[in-house]
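Single-structure report; data block below.
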There are 2 protein chains.
Amino acid sequence: MNPSIVEAFEPLFYPKSLAIIGASAEPAKFGNIILRSIMEIGYRGKIYPVNPQGGVINGLKVYGSLHEIPGDLDFAILTVPAPTVRGTLEECLRRGVKGVEILTSGFKETGSPEGIRMEQELSRIANQGLRILGPNCFGIYCPESGLTILPGPNFSRETGPVGFLSQSGGLCADIGQIAKGLGIRFSKMVSYGNGCDVAACDLLEYFMVDGKTSIIAGYVEGLEDGPRFLRILKENRGKKPVILWKAGLTTTGSRAVMSHTGSLGGSSPVWTAAFKQAGVIQVHSAEELVDVIYAFIYLPPGAGPRVSVMGGGGAISVAASDSLERLGLSVPTFSPTVLEKLKTSFPPVGNSLKNPVDLGSPFIPPFQLRTVMEAAGEDQGIDTLIIIQILFYILFLGRHRLGMDDRPLSQFSSQPELLTVCQEVREKYGKAIILVLPDITTDARMVDLEMEWRRERDHYQAAGFAVFKTLDRAARALSHFIGYHRNRADHLSHETSTVKKRRRL
Amino acid sequence: MNPSIVEAFEPLFYPKSLAIIGASAEPAKFGNIILRSIMEIGYRGKIYPVNPQGGVINGLKVYGSLHEIPGDLDFAILTVPAPTVRGTLEECLRRGVKGVEILTSGFKETGSPEGIRMEQELSRIANQGLRILGPNCFGIYCPESGLTILPGPNFSRETGPVGFLSQSGGLCADIGQIAKGLGIRFSKMVSYGNGCDVAACDLLEYFMVDGKTSIIAGYVEGLEDGPRFLRILKENRGKKPVILWKAGLTTTGSRAVMSHTGSLGGSSPVWTAAFKQAGVIQVHSAEELVDVIYAFIYLPPGAGPRVSVMGGGGAISVAASDSLERLGLSVPTFSPTVLEKLKTSFPPVGNSLKNPVDLGSPFIPPFQLRTVMEAAGEDQGIDTLIIIQILFYILFLGRHRLGMDDRPLSQFSSQPELLTVCQEVREKYGKAIILVLPDITTDARMVDLEMEWRRERDHYQAAGFAVFKTLDRAARALSHFIGYHRNRADHLSHETSTVKKRRRL
């Protein structure tokens with residue numbers, strides 16, 4: 001592993017000062033959006049807007065050129081027109097700038113000979129002592145230093161374990177937004193666009209050694225150097241989890257990749273096999289990508305495949321069994337001892353206790369769920385507990401009962417009590433607990449229930465519990481999580497036995 | 001087809017009077033919930049609460065027994081304890097009641113000899129001139145007559161084309177709730193539980209001849225008479241679309257079915273093959289079920305597999321291409337003439353116009369989308385237009401620009417203009433238009449954006465456009481919709497040719 005990559009990327013991720021070249025006073029222009037975004041998210045270094053017209057933008061003095069800026073300059077963000085990018089980069093080199101991000105598009109992705117030629121010039125400059133991100137990208141989000149991507153003033157200011165790389169800036173913007181309410185926090189998120197210099201391979205290498213990153217995730221379309229990419233992934237096997245969405249694997253998708261960042265796609269079976277060999281978790285949509293990252297943040301390593309599912313209303317447990325079994329998980333019947341004990345706490349009618357546990361009604365009091373959770377906790381044949389609660393009914397029924405009075409919904413939800421039960425059961429048995437809270441409100445006049453749903457979710461998340469909206473999504477994320485840990489264990493035991501064999505020789 | 005089934009079911013779906021036997025003043029009891037629900041949703045016939053204790057419940061006089069009720073009595077809802085159900089049914093028979101629904105559980109689903117025996121007694125009574133729904137069910141929702149299922153006072157009061165049958169009452173409650181904001185309206189929704197008399201086969205036959213039902217959907221676990229079920233489905237082939245979720249197809253799922261309604265599951269490949277042969281659309285989750293019903297409500301029959309996808313931010317178009325192609329749809333390049341014309345309206349840089357069309361930024365003005373939509377409209381190789389707009393950015397940027405002022409978000413959304421564009425393009429070219437509006441807010445403090453999202457969706461729906469939250473879901477629903485129409489066309493052309501052959505002989 002190359003520790004110098006950390007030093008090389010230091011000016012990109014932790015610049016003490018930065019210039020925005022092409023800064024603008026017009027609110028719709030990139031040169032204004034990026035300036036405001038970085039100011040709003042709370043960048044702690046010095047910001048120097050640069051524009052030959054001078055003046056003041058958003059309260060900051062504008063410099064006519066890089067050379068008027070006093071003191072050291074680590075980093076520059078370029079939003080100048082494509083034909084002037086090369087000259088600006090040369091100026092950056094002369095000024096001693098160590099890293100730049102180029103938001104400007106109009107290079108390789110156009111497919112034109114001129115665009116390709118211009119991009120080759122940028123790559124050449126990168127070899128002269130400057131690391132370049134882009135062009136055609138949205139830049140870097142690094143909450144620790146206060147950097148953010150183009151449309152990202154609204155991202156979380158908290159730092160976290162996820163290192164995220166993406167060819168697409170739009171996807172970064174979406175993922176950062178989706179992540180916010182889910183408590184997924186990033187060490188760095190990097191949109192590298194056409195990747196004329198810094199691209200997937202470098203970023204992967206960086207995240208592997210970055211002390212702030214423990215989960216690596218990303219979206220990749222084409223790759224300039226597939227073999228190097230796979231080599232790095234294999235080196236990482238058994239170390240940090242890597243979750244990748246490799247898009248453009250179909251004929252049309254591959255054609256769209258070409259138009260998007262000018263790189264090449266690839267065939268599906270080849271990538272799937274290579275990812276499997278390298279222990280990479282392969283996903284196929286933004287939703288799946290987020291769900292798997294989420295699982296790595298909230299699930300304990302012991303979350304295993306033998307699941308107890310509990311809830312009320314039978315379709316839930318039948319459907320849950322189907323979903324889990326299709327993904328290679330199991331819903332084993334409780335052991336006879338556990339089942340007999342459980343039966344003493346429930347009436348003989350209106351429920352099914354064998355696992356999946358169907359308590360008959362969606363309105364389940366927390367004390368009843370505790371009894372079932374304790375049983376699943378005690379049963380040696382169960383690794384993971386999935387609790388399905390349609391929060392809507394609890395909230396709606398609460399409101400209904402109280403005759404639509406003015407008290408906030410949270411006053412008559414039974415969820416705070418259930419959270420305590422979850423915490424105590426986790427403490428006692430040390431098993432993984434997952435909440436599935438289906439969200440069935442779609443009505444524009446019932447947004448207050450959605451609000452309450454999000455607040456309840458936040459309480460569970462703050463206590464370290466994963467909350468999914470559907471059982472299918474929970475099962476898929478759990479299955480990926482378990483698959484990763486299995487692959488890792490196989491790899492590590494293989495490594496150990498190889499070392500032992502070598503010692504014997 | 002049997003028209004007498006319509007008459008037989010008349011007292012269940014359109015009763016002029018009904019008794020709630022086991023009516024209660026306690027708000028948490030079924031006997032109170034069902035009474036309030038039916039009163040609140042606006043049942044127009046006479047309601048007679050029955051309870052030996054007498055008195056007044058929710059302003060209605062309580063009758064001590066069925067025989068004290070004056071005049072005709074069409075229908076009775078039973079919430080009395082399981083051991084007294086048989087006697088109550090016999091009383092209903094004597095009183096001339098034509099239909100009952102039994103909410104009580106504790107019969108076949110317990111798996112006990114006593115439960116099985118009690119349920120057999122109910123079936124026997126059904127043969128004496130009474131149609132029975134249940135036991136262990138949530139009953140009937142029929143907005144036209146003002147009936148609703150157990151926890152359903154909040155369902156829509158509007159009637160519509162969907163006939164829905166489900167073994168699970170909980171699923172009915174969820175689907176009715178989810179459907180509400182999506183503009184999915186029901187002719188009837190029936191939770192039949194254990195199905196001791198009326199079950200999947202009868203309901204299917206009813207929906208096939210019911211003039212108010214044009215789309216049939218349902219959730220089925222086990223089936224008492226699988227061959228009859230398939231025979232009815234095959235009779236219906238080429239007539240009304242049928243969308244079915246057959247659960248309990250895995251080992252554990254099948255075991256859970258047994259506990260839920262005491263019926264038997266079945267093996268997956270057998271059902272899949274049988275459904276295909278009968279032209280039934282098979283789905284595997286509540287989400288997929290709702291999405292396909294939704295497609296049948298909002299998509300025009302001409303929605304075809306050759307799709308033009310347009311949006312901003314390249315990951316969207318690459319991912320869209322992958323998704324569509326995996327589901328057997330295509331994203332063909334625009335014809336050279338259309339493409340050349342389109343190129344004159346856009347700058348040469350920062351977009352990709354070939355289809356999928358990536359306009360580079362998520363903030364796309366409606367006039368630009370109109371240009372692309374007109375191109376897709378003109379292109380003879382395109383059947384269906386999918387427009388991806390991340391509404392969040394439009395709303396968020398609007399708020400951001402206006403400095404968080406107090407004007408409602410709807411004031412600075414560009415969506416009303418885009419809706420007009422969609423309407424005009426649909427009018428001009430007659431092609432299917434689908435909106436994908438990804439919903440990326442998850443933050444509890446941003447529920448106002450969710451509210452605005454739902455309002456925008458409502459505007460599109462009111463104008464007859466389908467709105468999906470993700471491209472994957474839109475693609476899956478479209479693919480099912482096309483598959484159904486293909487199967488139907490094959491079947492009808494086969495029928496025609498068979499008739500011709502017969503004439504020749």
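Going through the structure tokens in order, the chains are called A, B, and so on, while each chain numbers its residues from 1 and the ligands are numbered from 1 in the order shown.
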
* **DSSP-assigned strand (DSSP E) among range 67-286 of chain A, expressed as a PyMOL selection string** => chain A and resi 75-78+99-102+131-133+139-141+159-166+186-191+215-220+242-246+281-283

Distance limit 7 Å, atoms considered: only C-alpha atoms. Which chain B residues sit that close to chain A? Return them as an mmCIF file with C-alpha atoms, in the first residue's frame.
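Written out: result_3.cif:
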```cif
data_model
loop_
_atom_site.group_PDB
_atom_site.id
_atom_site.type_symbol
_atom_site.label_atom_id
_atom_site.label_comp_id
_atom_site.auth_asym_id
_atom_site.auth_seq_id
_atom_site.Cartn_x
_atom_site.Cartn_y
_atom_site.Cartn_z
ATOM 1 C CA SER B 105 -60.757 -15.877 14.460
ATOM 2 C CA GLY B 106 -60.054 -19.185 16.217
ATOM 3 C CA THR B 110 -55.345 -22.623 14.771
ATOM 4 C CA SER B 168 -55.022 -11.382 4.377
ATOM 5 C CA GLY B 170 -53.870 -6.770 7.051
ATOM 6 C CA LEU B 171 -52.770 -6.570 3.449
ATOM 7 C CA ASP B 174 -52.245 -1.588 3.771
ATOM 8 C CA GLN B 177 -54.114 3.038 2.474
ATOM 9 C CA ILE B 178 -51.289 3.048 -0.076
ATOM 10 C CA LYS B 180 -55.470 6.346 -1.504
ATOM 11 C CA GLY B 181 -52.811 8.885 -2.414
ATOM 12 C CA LEU B 182 -52.096 7.142 -5.718
ATOM 13 C CA ALA B 247 -47.383 -15.968 -1.514
ATOM 14 C CA GLY B 248 -46.117 -18.930 0.433
ATOM 15 C CA LEU B 249 -44.153 -20.347 -2.487
ATOM 16 C CA THR B 250 -41.032 -21.133 -0.479
ATOM 17 C CA THR B 252 -40.961 -21.465 5.125
ATOM 18 C CA GLY B 253 -43.546 -19.319 3.382
ATOM 19 C CA ALA B 256 -46.463 -19.755 7.451
ATOM 20 C CA VAL B 257 -49.490 -19.982 5.135
ATOM 21 C CA SER B 259 -50.566 -21.064 10.325
ATOM 22 C CA HIS B 260 -52.188 -18.005 8.820
ATOM 23 C CA GLY B 313 -27.476 13.991 -14.673
ATOM 24 C CA GLY B 314 -25.914 11.078 -16.462
ATOM 25 C CA ALA B 315 -26.106 8.346 -13.838
ATOM 26 C CA SER B 317 -29.708 7.748 -18.057
ATOM 27 C CA VAL B 318 -27.048 5.042 -17.739
ATOM 28 C CA ALA B 319 -28.949 3.361 -14.918
ATOM 29 C CA SER B 321 -30.794 1.998 -19.830
ATOM 30 C CA ASP B 322 -29.580 -0.896 -17.691
ATOM 31 C CA GLU B 325 -32.935 -3.490 -21.011
ATOM 32 C CA VAL B 331 -33.904 2.466 -25.452
ATOM 33 C CA VAL B 349 -21.468 20.387 -25.038
ATOM 34 C CA GLY B 350 -22.821 19.203 -21.687
ATOM 35 C CA SER B 352 -26.152 13.686 -24.782
ATOM 36 C CA PRO B 356 -31.220 8.106 -23.417
ATOM 37 C CA ILE B 440 -34.639 11.930 -2.169
ATOM 38 C CA THR B 441 -35.681 13.722 1.009
ATOM 39 C CA THR B 442 -35.318 11.560 4.081
ATOM 40 C CA ASP B 443 -34.680 14.285 6.633
ATOM 41 C CA ALA B 444 -37.309 14.800 9.347
ATOM 42 C CA VAL B 447 -41.144 17.177 5.375
ATOM 43 C CA MET B 451 -45.659 17.521 1.094
ATOM 44 C CA ARG B 454 -47.159 14.672 -3.040
ATOM 45 C CA ARG B 455 -49.020 17.734 -4.305
#
```

* To one decimal place, how far is CA of Pro143 in chain A from CA of Gly129 in chain A in Å? ->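 Computed distance, CA of Pro143 in chain A to CA of Gly129 in chain A, equals 25.9 Å.
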
* Asked: Neighbours of Gln277 in chain A within 12 Å (only C-alpha atoms; same-chain residues fewer than 2 positions away dropped), as a PyMOL selection string?
  -> chain A and resi 230-231+233-238+270-275+279-282+484+487-488+490-491

Could you dump the residues just selected with N, CA, C and O atoms as a compact mmCIF listing (two decimals), in the first residue's frame?
```txt
# COMPACT_ATOMS: atom_id res chain seq x y z
N LEU A 230 -9.25 -4.01 -10.51
CA LEU A 230 -9.49 -5.31 -9.88
C LEU A 230 -8.33 -5.73 -8.98
O LEU A 230 -8.54 -6.33 -7.93
N ARG A 231 -7.10 -5.36 -9.39
CA ARG A 231 -5.93 -5.68 -8.57
C ARG A 231 -6.04 -4.99 -7.21
O ARG A 231 -5.81 -5.59 -6.17
N LEU A 233 -8.79 -3.94 -5.77
CA LEU A 233 -9.89 -4.54 -5.02
C LEU A 233 -9.46 -5.84 -4.36
O LEU A 233 -9.80 -6.13 -3.22
N LYS A 234 -8.67 -6.64 -5.07
CA LYS A 234 -8.22 -7.92 -4.51
C LYS A 234 -7.27 -7.71 -3.35
O LYS A 234 -7.29 -8.45 -2.38
N GLU A 235 -6.40 -6.69 -3.47
CA GLU A 235 -5.49 -6.36 -2.37
C GLU A 235 -6.28 -6.02 -1.11
O GLU A 235 -5.86 -6.28 0.01
N ASN A 236 -7.44 -5.39 -1.32
CA ASN A 236 -8.25 -4.94 -0.20
C ASN A 236 -9.08 -6.06 0.41
O ASN A 236 -9.60 -5.94 1.51
N ARG A 237 -9.18 -7.19 -0.30
CA ARG A 237 -10.05 -8.26 0.17
C ARG A 237 -9.74 -8.64 1.61
O ARG A 237 -8.59 -8.82 1.98
N GLY A 238 -10.79 -8.73 2.44
CA GLY A 238 -10.59 -9.06 3.85
C GLY A 238 -10.33 -7.83 4.70
O GLY A 238 -10.28 -7.93 5.93
N VAL A 270 -18.55 -10.83 -16.73
CA VAL A 270 -17.14 -10.64 -16.40
C VAL A 270 -16.99 -9.85 -15.11
O VAL A 270 -16.27 -10.23 -14.18
N TRP A 271 -17.72 -8.73 -15.01
CA TRP A 271 -17.63 -7.89 -13.82
C TRP A 271 -18.17 -8.62 -12.60
O TRP A 271 -17.59 -8.55 -11.51
N THR A 272 -19.29 -9.29 -12.77
CA THR A 272 -19.88 -9.98 -11.62
C THR A 272 -18.91 -11.02 -11.06
O THR A 272 -18.71 -11.10 -9.84
N ALA A 273 -18.28 -11.78 -11.94
CA ALA A 273 -17.33 -12.80 -11.50
C ALA A 273 -16.13 -12.15 -10.82
O ALA A 273 -15.68 -12.60 -9.76
N ALA A 274 -15.62 -11.08 -11.41
CA ALA A 274 -14.43 -10.42 -10.86
C ALA A 274 -14.74 -9.83 -9.48
O ALA A 274 -13.93 -9.93 -8.55
N PHE A 275 -15.90 -9.21 -9.35
CA PHE A 275 -16.28 -8.63 -8.06
C PHE A 275 -16.40 -9.71 -6.99
O PHE A 275 -15.96 -9.54 -5.86
N GLY A 279 -14.32 -10.16 -3.42
CA GLY A 279 -15.08 -9.93 -2.19
C GLY A 279 -15.84 -8.61 -2.20
O GLY A 279 -16.20 -8.08 -1.14
N VAL A 280 -16.08 -8.07 -3.39
CA VAL A 280 -16.81 -6.81 -3.51
C VAL A 280 -18.31 -7.08 -3.51
O VAL A 280 -18.77 -8.04 -4.13
N ILE A 281 -19.08 -6.23 -2.84
CA ILE A 281 -20.53 -6.36 -2.86
C ILE A 281 -21.07 -5.58 -4.05
O ILE A 281 -20.94 -4.36 -4.13
N GLN A 282 -21.67 -6.32 -4.99
CA GLN A 282 -22.16 -5.67 -6.20
C GLN A 282 -23.65 -5.33 -6.06
O GLN A 282 -24.46 -6.18 -5.69
N TYR A 484 -20.88 -10.72 2.60
CA TYR A 484 -19.57 -10.09 2.74
C TYR A 484 -18.76 -10.73 3.86
O TYR A 484 -17.60 -11.09 3.69
N ASN A 487 -17.58 -14.26 2.96
CA ASN A 487 -16.48 -14.19 2.00
C ASN A 487 -15.19 -13.79 2.71
O ASN A 487 -14.12 -14.36 2.47
N ARG A 488 -15.30 -12.83 3.62
CA ARG A 488 -14.13 -12.33 4.35
C ARG A 488 -13.54 -13.44 5.24
O ARG A 488 -12.32 -13.65 5.26
N ASP A 490 -13.88 -16.70 4.87
CA ASP A 490 -13.26 -17.70 3.99
C ASP A 490 -11.87 -17.24 3.58
O ASP A 490 -10.91 -18.01 3.62
N HIS A 491 -11.78 -16.00 3.19
CA HIS A 491 -10.52 -15.45 2.70
C HIS A 491 -9.47 -15.46 3.81
O HIS A 491 -8.34 -15.89 3.60
```

* Go ahead and compute the interatomic distance for CA of Thr344 in chain B and CA of Val436 in chain B, in Å to one decimal. =>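 That distance, rounded to one decimal, is 26.6 Å.
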
Need to verify the contact set: Phe468 in chain B, 7 Å, only C-alpha atoms, exclusion of same-chain residues closer than 2 positions in sequence. Can you return it as an mmCIF file with N, CA and C atoms, in the first residue's frame?
```cif
data_model
loop_
_atom_site.group_PDB
_atom_site.id
_atom_site.type_symbol
_atom_site.label_atom_id
_atom_site.label_comp_id
_atom_site.auth_asym_id
_atom_site.auth_seq_id
_atom_site.Cartn_x
_atom_site.Cartn_y
_atom_site.Cartn_z
ATOM 1 N N LEU B 435 -43.918 9.722 -15.778
ATOM 2 C CA LEU B 435 -43.034 10.588 -14.999
ATOM 3 C C LEU B 435 -42.320 9.778 -13.928
ATOM 4 N N VAL B 436 -41.014 9.957 -13.811
ATOM 5 C CA VAL B 436 -40.284 9.405 -12.677
ATOM 6 C C VAL B 436 -39.786 10.588 -11.864
ATOM 7 N N LEU B 437 -40.324 10.727 -10.667
ATOM 8 C CA LEU B 437 -39.926 11.830 -9.793
ATOM 9 C C LEU B 437 -39.272 11.233 -8.547
ATOM 10 N N ALA B 466 -48.972 8.687 -15.006
ATOM 11 C CA ALA B 466 -48.378 7.838 -13.975
ATOM 12 C C ALA B 466 -47.118 8.503 -13.438
ATOM 13 N N THR B 470 -39.159 5.638 -8.501
ATOM 14 C CA THR B 470 -37.863 5.241 -9.051
ATOM 15 C C THR B 470 -38.072 4.698 -10.467
ATOM 16 N N ARG B 473 -38.923 0.951 -10.613
ATOM 17 C CA ARG B 473 -40.327 0.611 -10.405
ATOM 18 C C ARG B 473 -41.161 0.933 -11.636
ATOM 19 N N ALA B 474 -40.875 2.045 -12.277
ATOM 20 C CA ALA B 474 -41.600 2.402 -13.505
ATOM 21 C C ALA B 474 -41.362 1.342 -14.572
#
```

* Neighbour list for range 58-67 of chain A as an MDAnalysis selection string, cut-off 10 Å, only C-alpha atoms, skip fewer than 2 positions in-chain -> chainID A and resid 19:21 23:25 32 35:36 39 47:56 69:71 73 76 88 91:92 94:95 97
